[in-house]
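This is run.txt. It holds compact mmCIF, C-alpha atoms.
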```txt
# COMPACT_ATOMS: atom_id res chain seq x y z
CA MET A 1 17.99 -5.62 -16.91
CA SER A 2 20.99 -7.88 -17.18
CA GLN A 3 22.87 -5.64 -14.77
CA PHE A 4 20.97 -7.21 -11.89
CA SER A 5 21.76 -10.79 -12.80
CA ASN A 6 25.11 -10.58 -14.56
CA GLN A 7 26.88 -8.50 -11.90
CA PHE A 8 25.62 -10.46 -8.95
CA SER A 9 26.26 -14.15 -8.37
CA ARG A 10 23.79 -16.52 -6.78
CA ARG A 11 26.74 -17.99 -4.92
CA LYS A 12 26.29 -15.28 -2.30
CA PHE A 13 22.96 -16.86 -1.47
CA ILE A 14 24.05 -20.50 -1.32
CA PHE A 15 24.58 -20.47 2.44
CA THR A 16 20.81 -20.14 2.96
CA ALA A 17 20.36 -23.69 1.71
CA GLY A 18 21.66 -25.08 4.98
CA ALA A 19 18.99 -23.15 6.85
CA SER A 20 16.38 -24.66 4.52
CA ALA A 21 17.49 -28.18 5.34
CA VAL A 22 17.36 -27.65 9.09
CA GLY A 23 13.98 -25.93 8.80
CA THR A 24 12.56 -28.97 7.07
CA VAL A 25 13.21 -31.01 10.19
CA LEU A 26 11.78 -28.39 12.53
CA LEU A 27 8.63 -27.64 10.58
CA ASN A 28 7.39 -31.18 10.40
CA GLY A 29 5.21 -31.64 7.38
CA CYS A 30 6.36 -28.52 5.53
CA LEU A 31 7.29 -28.26 1.90
CA GLY A 32 11.05 -28.48 1.77
CA ASN A 33 13.16 -29.19 -1.27
CA PRO A 34 12.31 -31.43 -3.04
CA PRO A 35 8.65 -30.82 -2.21
CA ASP A 36 6.46 -33.36 -0.50
CA SER A 37 2.77 -32.63 -0.66
CA SER A 38 1.64 -35.66 1.28
CA SER A 39 0.81 -33.94 4.56
CA ASN A 40 1.68 -30.29 4.51
CA THR A 41 -1.09 -28.54 2.66
CA GLN A 42 -4.51 -27.18 3.48
CA VAL A 43 -7.10 -27.38 0.72
CA GLN A 44 -10.55 -25.94 1.10
CA GLN A 45 -13.07 -27.78 -1.04
CA VAL A 46 -16.42 -26.01 -1.04
CA SER A 47 -19.23 -25.55 -3.50
CA SER A 48 -18.79 -23.00 -6.25
CA ALA A 49 -19.46 -19.40 -5.26
CA ALA A 50 -22.75 -17.92 -6.30
CA ASN A 51 -23.39 -14.63 -8.11
CA ILE A 52 -20.08 -14.48 -9.99
CA SER A 53 -20.55 -13.01 -13.43
CA SER A 54 -19.11 -14.75 -16.44
CA GLU A 55 -16.82 -11.76 -16.91
CA GLN A 56 -15.25 -12.40 -13.50
CA ALA A 57 -15.44 -16.20 -13.29
CA PRO A 58 -11.89 -17.55 -12.83
CA GLU A 59 -10.27 -19.62 -15.59
CA THR A 60 -9.30 -22.19 -12.95
CA THR A 61 -10.41 -22.74 -9.37
CA LYS A 62 -7.12 -24.30 -8.32
CA VAL A 63 -3.85 -22.70 -7.26
CA LYS A 64 -1.02 -23.63 -4.90
CA LEU A 65 0.27 -20.87 -2.62
CA GLY A 66 3.24 -21.13 -0.29
CA TYR A 67 3.49 -19.50 3.12
CA ILE A 68 5.77 -19.28 6.16
CA PRO A 69 4.11 -19.66 9.61
CA ILE A 70 4.38 -16.05 10.78
CA VAL A 71 1.70 -13.36 11.06
CA GLU A 72 2.46 -12.05 7.57
CA ALA A 73 0.70 -15.17 6.23
CA ALA A 74 -2.56 -14.36 8.03
CA PRO A 75 -4.43 -12.97 4.98
CA LEU A 76 -3.81 -16.19 3.04
CA ILE A 77 -4.86 -18.42 5.94
CA ILE A 78 -7.92 -16.36 6.84
CA ALA A 79 -9.02 -16.14 3.21
CA GLN A 80 -8.87 -19.93 3.16
CA GLU A 81 -10.51 -20.63 6.50
CA LYS A 82 -13.26 -17.99 6.29
CA GLY A 83 -14.20 -18.90 2.72
CA PHE A 84 -13.12 -15.64 1.09
CA PHE A 85 -11.19 -17.39 -1.68
CA ALA A 86 -14.20 -19.60 -2.37
CA LYS A 87 -16.52 -16.58 -2.37
CA TYR A 88 -14.78 -15.36 -5.52
CA GLY A 89 -14.74 -18.75 -7.20
CA MET A 90 -11.36 -20.04 -5.99
CA ASN A 91 -12.57 -23.14 -4.16
CA GLY A 92 -9.47 -25.20 -4.90
CA VAL A 93 -6.81 -23.07 -3.20
CA GLU A 94 -4.04 -25.15 -1.64
CA LEU A 95 -1.90 -23.54 1.06
CA ALA A 96 1.51 -25.16 1.39
CA LYS A 97 3.55 -24.49 4.52
CA GLN A 98 7.20 -23.92 3.63
CA ALA A 99 10.15 -25.16 5.68
CA SER A 100 12.10 -21.94 5.12
CA TRP A 101 12.47 -19.01 2.76
CA GLY A 102 15.02 -20.99 0.79
CA ALA A 103 12.39 -23.65 0.25
CA MET A 104 9.88 -20.98 -0.81
CA ARG A 105 12.34 -19.71 -3.40
CA ASP A 106 13.09 -23.23 -4.66
CA ASN A 107 9.43 -24.20 -4.90
CA THR A 108 8.67 -20.99 -6.76
CA GLU A 109 11.34 -21.89 -9.28
CA ILE A 110 9.77 -25.24 -10.15
CA GLY A 111 6.15 -24.09 -9.96
CA SER A 112 3.14 -26.21 -9.04
CA SER A 113 3.54 -28.30 -12.20
CA GLY A 114 6.82 -29.57 -10.74
CA GLY A 115 5.45 -30.03 -7.22
CA GLY A 116 6.23 -26.50 -6.07
CA VAL A 117 4.03 -23.42 -5.78
CA ASP A 118 2.45 -20.84 -8.09
CA GLY A 119 3.14 -17.98 -5.69
CA GLY A 120 2.29 -16.86 -2.19
CA GLN A 121 4.07 -14.95 0.58
CA TYR A 122 7.47 -13.32 -0.04
CA GLN A 123 9.95 -11.12 1.72
CA MET A 124 11.18 -8.16 -0.28
CA PRO A 125 12.72 -7.88 -2.77
CA MET A 126 12.50 -11.64 -3.47
CA PRO A 127 10.07 -11.24 -6.41
CA HIS A 128 12.46 -8.83 -8.11
CA LEU A 129 15.50 -11.03 -7.45
CA ILE A 130 13.72 -14.12 -8.77
CA THR A 131 12.59 -12.16 -11.83
CA GLU A 132 16.17 -11.17 -12.56
CA GLY A 133 17.64 -14.59 -11.76
CA VAL A 134 19.78 -13.21 -8.93
CA ILE A 135 18.85 -15.93 -6.43
CA THR A 136 17.71 -18.78 -8.70
CA LYS A 137 19.60 -21.88 -9.79
CA GLY A 138 21.78 -21.10 -12.76
CA ASN A 139 20.58 -17.50 -12.56
CA GLN A 140 17.44 -18.53 -14.43
CA LYS A 141 15.07 -15.57 -14.82
CA ILE A 142 11.56 -16.43 -13.63
CA PRO A 143 9.26 -13.42 -14.08
CA MET A 144 7.16 -12.62 -11.01
CA TYR A 145 4.27 -10.24 -10.38
CA LEU A 146 4.08 -8.37 -7.09
CA LEU A 147 0.35 -8.03 -6.40
CA ALA A 148 -0.30 -6.86 -2.83
CA GLN A 149 1.33 -5.97 0.44
CA LEU A 150 0.18 -8.44 3.08
CA ILE A 151 0.92 -6.58 6.33
CA THR A 152 2.62 -3.75 8.15
CA HIS A 153 4.44 -4.22 11.49
CA GLY A 154 4.34 -7.66 13.18
CA ASN A 155 8.13 -7.97 13.41
CA GLY A 156 10.67 -7.55 16.16
CA ILE A 157 14.28 -8.02 17.15
CA ALA A 158 14.68 -10.34 20.13
CA VAL A 159 17.80 -10.52 22.30
CA ALA A 160 18.97 -13.22 24.73
CA ASN A 161 18.41 -12.60 28.45
CA LYS A 162 22.16 -12.54 29.14
CA HIS A 163 22.21 -9.06 27.55
CA LYS A 164 19.32 -7.69 29.59
CA GLY A 165 20.07 -4.36 31.22
CA GLN A 166 22.97 -3.58 28.88
CA GLY A 167 21.28 -0.84 26.88
CA LEU A 168 20.12 -2.95 23.96
CA GLY A 169 17.01 -1.01 22.99
CA LEU A 170 15.78 1.06 20.07
CA ASP A 171 18.71 3.48 20.14
CA LEU A 172 21.95 1.53 20.58
CA ALA A 173 23.96 4.74 20.54
CA LYS A 174 22.68 5.48 24.05
CA GLY A 175 24.77 2.74 25.59
CA GLY A 176 24.26 -0.60 23.92
CA LYS A 177 27.16 -0.15 21.54
CA ALA A 178 29.62 -1.17 24.27
CA VAL A 179 28.24 -4.73 24.24
CA PHE A 180 29.15 -5.18 20.59
CA ASN A 181 32.55 -3.56 20.96
CA GLN A 182 33.44 -5.83 23.87
CA LEU A 183 32.37 -9.04 22.12
CA LYS A 184 33.98 -8.03 18.83
CA SER A 185 37.45 -8.53 20.30
CA THR A 186 36.65 -12.06 21.53
CA LYS A 187 36.34 -15.40 19.75
CA ASN A 188 32.57 -15.12 20.08
CA PRO A 189 31.34 -11.86 18.58
CA PHE A 190 27.70 -10.85 18.93
CA SER A 191 25.75 -13.34 16.79
CA ALA A 192 22.46 -12.28 15.21
CA ALA A 193 20.14 -14.23 12.96
CA TYR A 194 17.69 -13.46 10.20
CA THR A 195 15.53 -15.85 8.24
CA PHE A 196 16.89 -15.26 4.72
CA ALA A 197 19.75 -13.21 3.37
CA HIS A 198 19.33 -9.83 1.69
CA VAL A 199 15.61 -9.33 2.37
CA ASN A 200 13.27 -7.71 4.95
CA GLN A 201 14.42 -9.33 8.16
CA ASP A 202 18.08 -8.97 7.22
CA PHE A 203 17.42 -5.30 6.42
CA TRP A 204 15.65 -4.60 9.74
CA ILE A 205 18.47 -5.85 11.92
CA ARG A 206 21.08 -4.16 9.74
CA TYR A 207 19.27 -0.84 9.91
CA TRP A 208 18.92 -1.09 13.70
CA LEU A 209 22.60 -1.91 14.18
CA ALA A 210 23.89 0.71 11.76
CA ALA A 211 21.70 3.44 13.24
CA GLY A 212 23.41 2.75 16.57
CA GLY A 213 26.90 2.93 15.11
CA ILE A 214 27.38 -0.84 14.75
CA ASN A 215 28.66 -2.08 11.40
CA PRO A 216 26.67 -5.26 10.67
CA ASP A 217 29.36 -6.56 8.32
CA THR A 218 32.35 -6.14 10.64
CA ASP A 219 31.12 -5.79 14.23
CA VAL A 220 28.73 -8.74 14.49
CA LYS A 221 28.21 -12.20 13.05
CA LEU A 222 25.04 -12.44 10.95
CA ILE A 223 23.62 -15.87 10.12
CA PRO A 224 20.49 -17.22 8.39
CA VAL A 225 18.17 -19.36 10.55
CA PRO A 226 14.61 -20.50 9.73
CA ALA A 227 12.01 -18.70 11.85
CA ALA A 228 10.91 -21.80 13.76
CA GLN A 229 14.53 -22.56 14.75
CA THR A 230 15.22 -19.17 16.28
CA VAL A 231 13.67 -19.94 19.66
CA ALA A 232 15.60 -23.22 19.96
CA ASN A 233 18.88 -21.53 19.02
CA MET A 234 18.43 -18.84 21.62
CA LYS A 235 17.63 -21.47 24.26
CA THR A 236 20.91 -23.23 23.56
CA GLY A 237 22.85 -19.97 23.61
CA THR A 238 24.10 -20.27 20.04
CA MET A 239 22.89 -16.81 19.08
CA ASP A 240 22.47 -13.45 20.81
CA ALA A 241 19.62 -11.96 18.76
CA PHE A 242 17.28 -12.59 15.88
CA SER A 243 15.02 -10.66 13.56
CA THR A 244 11.79 -12.25 12.36
CA GLY A 245 8.00 -12.01 12.40
CA ASP A 246 5.58 -12.81 15.19
CA PRO A 247 4.92 -15.16 16.88
CA TRP A 248 8.59 -16.07 17.29
CA PRO A 249 10.03 -12.88 18.88
CA TYR A 250 7.20 -12.65 21.40
CA ARG A 251 7.41 -16.34 22.15
CA ILE A 252 10.95 -16.01 23.50
CA VAL A 253 9.61 -13.48 26.03
CA LYS A 254 6.86 -15.88 27.09
CA ASP A 255 9.41 -18.69 27.31
CA LYS A 256 11.60 -16.39 29.47
CA ILE A 257 14.70 -16.88 27.36
CA GLY A 258 14.99 -13.39 25.95
CA PHE A 259 13.48 -9.93 25.56
CA LEU A 260 12.31 -7.72 22.74
CA ALA A 261 14.86 -4.96 22.14
CA VAL A 262 12.75 -3.26 19.50
CA LEU A 263 9.66 -3.64 17.35
CA THR A 264 10.04 -2.77 13.69
CA ALA A 265 6.97 -0.56 14.23
CA GLU A 266 9.24 1.57 16.44
CA MET A 267 11.95 1.73 13.79
CA TRP A 268 9.70 2.71 10.89
CA LYS A 269 6.05 3.30 11.73
CA ASN A 270 3.67 1.79 9.15
CA HIS A 271 6.53 0.23 7.22
CA PRO A 272 6.12 -2.13 4.26
CA GLU A 273 6.62 -5.76 5.25
CA GLU A 274 5.93 -8.94 3.28
CA TYR A 275 4.03 -9.26 0.03
CA PHE A 276 1.82 -11.49 -2.05
CA ALA A 277 3.30 -12.37 -5.44
CA MET A 278 2.70 -14.89 -8.22
CA ARG A 279 4.68 -16.41 -11.01
CA ALA A 280 3.95 -14.18 -14.00
CA ASP A 281 3.27 -17.14 -16.29
CA TRP A 282 0.46 -18.34 -14.01
CA ALA A 283 -1.03 -14.87 -13.63
CA ASP A 284 -0.87 -14.20 -17.38
CA GLN A 285 -2.57 -17.50 -18.14
CA ASN A 286 -5.21 -16.94 -15.44
CA PRO A 287 -5.87 -13.20 -15.12
CA LYS A 288 -9.40 -13.54 -13.73
CA ALA A 289 -8.28 -16.19 -11.24
CA THR A 290 -5.43 -13.90 -10.18
CA ARG A 291 -7.90 -11.11 -9.47
CA ALA A 292 -10.19 -13.56 -7.65
CA ILE A 293 -7.32 -14.56 -5.35
CA LEU A 294 -6.57 -10.91 -4.71
CA LYS A 295 -10.21 -10.20 -3.87
CA GLY A 296 -10.16 -13.03 -1.35
CA ILE A 297 -6.97 -11.65 0.20
CA MET A 298 -8.41 -8.13 0.35
CA GLU A 299 -11.52 -9.34 2.15
CA ALA A 300 -9.36 -11.29 4.58
CA GLN A 301 -7.24 -8.20 5.23
CA GLN A 302 -10.35 -6.16 6.03
CA TRP A 303 -11.64 -8.92 8.31
CA LEU A 304 -8.31 -9.02 10.12
CA ASP A 305 -8.33 -5.26 10.69
CA ASN A 306 -11.55 -5.57 12.68
CA PHE A 307 -9.99 -6.01 16.12
CA ALA A 308 -13.12 -7.83 17.29
CA ASN A 309 -12.02 -10.66 14.99
CA ARG A 310 -8.49 -10.93 16.28
CA GLU A 311 -9.12 -13.42 19.04
CA GLU A 312 -10.64 -15.75 16.45
CA ALA A 313 -7.76 -15.01 14.08
CA ALA A 314 -5.24 -15.96 16.77
CA SER A 315 -7.11 -19.22 17.36
CA ILE A 316 -7.14 -20.07 13.65
CA LEU A 317 -3.48 -19.22 13.08
CA GLY A 318 -2.36 -20.98 16.24
CA GLY A 319 -4.07 -24.21 15.16
CA ARG A 320 -2.14 -27.39 14.52
CA ASN A 321 -2.53 -27.06 10.75
CA TYR A 322 -0.79 -23.69 10.71
CA PHE A 323 1.46 -22.27 13.49
CA ASN A 324 0.82 -25.00 16.08
CA LEU A 325 1.22 -22.88 19.21
CA PRO A 326 -0.95 -21.41 21.99
CA SER A 327 -3.23 -18.72 20.59
CA GLU A 328 -2.35 -16.30 23.42
CA ILE A 329 1.14 -15.94 21.92
CA LEU A 330 -0.59 -14.25 18.99
CA ALA A 331 -3.56 -12.64 20.72
CA GLU A 332 -1.71 -10.01 22.75
CA PRO A 333 0.50 -8.64 19.93
CA PHE A 334 -2.57 -8.63 17.68
CA GLN A 335 -4.01 -6.04 20.07
CA GLY A 336 -0.82 -4.01 20.18
CA LYS A 337 0.11 -5.36 23.62
CA TYR A 338 3.75 -6.37 24.09
CA ASP A 339 5.47 -7.35 27.30
CA MET A 340 8.95 -6.60 26.02
CA GLY A 341 10.53 -8.82 28.68
CA ASP A 342 12.88 -6.19 30.07
CA GLY A 343 10.39 -4.24 32.17
CA ARG A 344 9.04 -2.25 29.25
CA VAL A 345 5.39 -2.76 28.27
CA ILE A 346 3.75 -1.52 25.08
CA ASP A 347 -0.04 -1.18 24.98
CA ASP A 348 -0.72 0.74 21.80
CA LYS A 349 -3.02 -0.46 19.03
CA SER A 350 -1.16 1.66 16.50
CA MET A 351 1.85 -0.65 17.03
CA ALA A 352 -0.12 -3.79 16.19
CA ALA A 353 -0.01 -5.56 12.85
CA TYR A 354 -2.33 -4.06 10.24
CA TYR A 355 -3.40 -5.70 7.03
CA TRP A 356 -5.77 -3.37 5.16
CA LYS A 357 -5.25 0.21 6.36
CA ASP A 358 -2.90 2.00 8.75
CA GLU A 359 -2.30 5.59 9.82
CA LYS A 360 -0.80 6.45 6.43
CA GLY A 361 -3.50 4.87 4.26
CA SER A 362 -3.58 1.60 2.38
CA VAL A 363 -1.54 -1.35 3.60
CA SER A 364 -2.70 -3.77 0.92
CA TYR A 365 -1.85 -1.61 -2.09
CA PRO A 366 1.73 -2.27 -3.31
CA TYR A 367 3.33 1.17 -3.54
CA LYS A 368 6.14 1.26 -6.06
CA SER A 369 8.03 3.68 -3.83
CA HIS A 370 8.42 0.88 -1.30
CA ASP A 371 9.87 -1.45 -3.93
CA LEU A 372 12.44 1.27 -4.58
CA TRP A 373 13.41 1.46 -0.90
CA PHE A 374 14.07 -2.29 -0.75
CA LEU A 375 16.21 -2.11 -3.90
CA THR A 376 18.02 0.97 -2.58
CA GLU A 377 18.75 -0.80 0.71
CA SER A 378 20.09 -3.71 -1.35
CA VAL A 379 22.54 -1.32 -2.98
CA ARG A 380 23.44 0.15 0.40
CA TRP A 381 24.76 -3.19 1.65
CA GLY A 382 26.37 -4.30 -1.60
CA PHE A 383 23.73 -6.91 -2.35
CA LEU A 384 23.14 -5.27 -5.73
CA PRO A 385 25.60 -3.18 -7.77
CA PRO A 386 25.33 0.63 -7.53
CA ASP A 387 24.13 1.04 -11.12
CA SER A 388 21.05 -1.02 -10.23
CA LEU A 389 19.35 2.20 -9.19
CA ALA A 390 19.57 3.50 -12.74
CA ASN A 391 17.54 0.50 -13.86
CA ALA A 392 15.31 0.21 -10.80
CA LYS A 393 12.27 1.97 -12.25
CA ALA A 394 12.11 -0.36 -15.26
CA LEU A 395 12.43 -3.43 -13.03
CA ILE A 396 9.79 -2.18 -10.60
CA ASP A 397 7.39 -1.39 -13.45
CA LYS A 398 7.86 -4.93 -14.73
CA VAL A 399 7.39 -6.69 -11.40
CA ASN A 400 4.99 -4.46 -9.48
CA ARG A 401 1.50 -4.96 -10.94
CA GLU A 402 -0.40 -2.46 -8.85
CA ASP A 403 -2.70 -2.12 -11.86
CA ILE A 404 -3.96 -5.66 -11.24
CA TRP A 405 -4.54 -4.78 -7.57
CA LYS A 406 -6.64 -1.80 -8.65
CA GLN A 407 -8.65 -3.91 -11.09
CA ALA A 408 -9.37 -6.46 -8.39
CA ALA A 409 -10.29 -3.76 -5.88
CA THR A 410 -12.72 -2.19 -8.34
CA GLU A 411 -14.33 -5.57 -9.10
CA ALA A 412 -14.67 -6.21 -5.35
CA GLY A 413 -16.47 -2.91 -4.89
CA ILE A 414 -13.77 -1.34 -2.73
CA ASN A 415 -14.53 2.29 -1.88
CA THR A 416 -12.66 4.57 -4.29
CA ALA A 417 -11.23 6.42 -1.29
CA ASP A 418 -9.36 3.21 -0.38
CA ILE A 419 -7.77 2.87 -3.82
CA PRO A 420 -4.58 4.98 -3.94
CA THR A 421 -4.17 7.33 -6.87
CA SER A 422 -0.37 7.56 -6.66
CA THR A 423 2.18 4.76 -6.89
CA SER A 424 4.32 6.61 -4.32
CA ARG A 425 3.59 6.99 -0.61
CA GLY A 426 6.01 9.90 -0.54
CA ILE A 427 8.88 10.61 1.84
CA GLU A 428 9.43 7.99 4.57
CA THR A 429 10.98 8.84 7.95
CA PHE A 430 12.88 6.40 10.20
CA PHE A 431 13.33 6.48 13.98
CA ASP A 432 16.83 7.98 13.71
CA GLY A 433 15.64 10.93 11.63
CA ILE A 434 16.86 9.55 8.31
CA LYS A 435 14.48 10.22 5.42
CA PHE A 436 13.95 8.29 2.21
CA ASP A 437 12.66 10.36 -0.70
CA PRO A 438 11.71 8.02 -3.58
CA GLU A 439 12.43 10.88 -5.94
CA ASN A 440 16.07 10.90 -4.83
CA PRO A 441 17.27 7.52 -3.49
CA THR A 442 20.91 8.56 -3.91
CA ALA A 443 20.42 11.32 -1.35
CA TYR A 444 19.20 8.69 1.10
CA LEU A 445 22.33 6.62 0.54
CA LYS A 446 24.54 9.66 1.02
CA SER A 447 22.84 10.45 4.33
CA LEU A 448 23.74 7.06 5.83
CA LYS A 449 26.97 6.87 7.82
CA ILE A 450 27.40 3.09 7.70
CA LYS A 451 27.08 1.42 4.32
CA LYS A 452 29.05 -0.64 1.83
CA VAL A 453 28.29 1.38 -1.29
CA ASN A 454 30.43 4.38 -2.15
CA VAL A 455 28.26 7.37 -3.05
```
Exercise: express the given structure as structure tokens:
Amino acid sequence: MSQFSNQFSRRKFIFTAGASAVGTVLLNGCLGNPPDSSSNTQVQQVSSAANISSEQAPETTKVKLGYIPIVEAAPLIIAQEKGFFAKYGMNGVELAKQASWGAMRDNTEIGSSGGGVDGGQYQMPMPHLITEGVITKGNQKIPMYLLAQLITHGNGIAVANKHKGQGLGLDLAKGGKAVFNQLKSTKNPFSAAYTFAHVNQDFWIRYWLAAGGINPDTDVKLIPVPAAQTVANMKTGTMDAFSTGDPWPYRIVKDKIGFLAVLTAEMWKNHPEEYFAMRADWADQNPKATRAILKGIMEAQQWLDNFANREEAASILGGRNYFNLPSEILAEPFQGKYDMGDGRVIDDKSMAAYYWKDEKGSVSYPYKSHDLWFLTESVRWGFLPPDSLANAKALIDKVNREDIWKQAATEAGINTADIPTSTSRGIETFFDGIKFDPENPTAYLKSLKIKKVNV
């Protein structure tokens, strides 16, 4: 698998370090780099869980998991706060809020033994890139296991109010393209932010732009900004748009500084989002504890998908220990209700965040076909070399441990109907009619008009 690491330099990722440093200031008390565990973590100390067989009793009750304060982290936080981790014997789980995705990467590198983390919440394909040493210091390969998808939906692309009424909606080809063309010829081209380079939230804004005929590499200025800084940057007028997870896009609407141009649920209904992953060395040393963590996450995901629980979930997540914002900023999107800020209102539960099941089946199960899309999109934009696709299956098989998910689900007594029998979810369709067939990723690349790769 050396093609992934040898042909791609970590230097392309260095500029994210600046975003990490700023995020450390904004997320007071978060784990930055170097880590500081004095005030940023939440540890639930409860009595040992009852009725756990010796065959399932975890090797250790302690683990340190990192998270970013966006709705993708909800299963980890709810599993902690509602006692689901403890139920399966993991009564020493420590949740460590991260200053930025750069900090999450850095703390994964050093592990909990060095003051970092053992795993937690990741954008895709971070686990694969860390495994191959693409984004680590000195290109050190740190094997990771992808263990569960945390969420679908819950993301949006927000745009500053100064562009309201200029056609910046789902389909930019219907009129919004003129805004980008006009600004491109000035000293201040359209500036858009994402939270970390070459992963989910970078991909979403790139796909949206390219589908509308805007080349994200030549027609706009893309910059990395930690999620919590995005609202402040838009207030000061230093950026025109940003792509990240709730609550931040919806908050700019409530703060009357911008509007939501598009939800990612509109771009790709029931799309894969962020994932739970662990350092492979920790998981290999503690296989029963790994499954216990997964069982706690699965129960939290099911709890979250009961919409009667979502008001409580918003209150928990909005608390000072976690997101530190008014719960109503989370409560409405959790019900599929979005005031888009430009006169458009969405009231559709199918557009809400889901954690356990959606219209297409399992959310929690990590389909390998989705790993392949993220790697294929990486090739599309030149983030990985073209021949990476020839080696993608081997890398996915190494990183994606859906077998561990299935073992944990079986131990937890999950209905067999909720345990997928295929590692592929099949053909995926995007809002612009483009289709991704995991059996033929090259055909997908050929169908795209705007891309860096030559196919």
Would you compute the distance between CA of Asn161 in chain A and CA of Ile252 in chain A? Give it in Å to one decimal. 9.6 Å
Would you mind telling me which residue in A:Leu168, A:Ala261, A:Met144, A:Ala96 lies nearest to Val345 in chain A when using all atoms listed in the file?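 Counting all atoms listed in the file, the residue closest to Val345 in chain A is A:Ala261.
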Residue with smallest distance to Pro58 in chain A - pool A:Thr442, A:Thr264, A:Asn91, A:Gln335, counting only C-alpha atoms: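 Going through A:Thr442, A:Thr264, A:Asn91, A:Gln335 one by one, the smallest distance to Pro58 in chain A is for A:Asn91.
Going from CA of Ala277 in chain A to CA of Ala409 in chain A covers 16.1 Å.
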Would you please work out which residue, of A:Glu377, A:Asp219, A:Glu332, A:Asp418, is nearest to Lys451 in chain A when using all atoms listed in the file? A:Glu377
Quick one: distance from CA of Leu330 in chain A to CA of Gln80 in chain A in Å, one decimal?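 So the two atoms, CA of Leu330 in chain A and CA of Gln80 in chain A, lie 18.7 Å apart.
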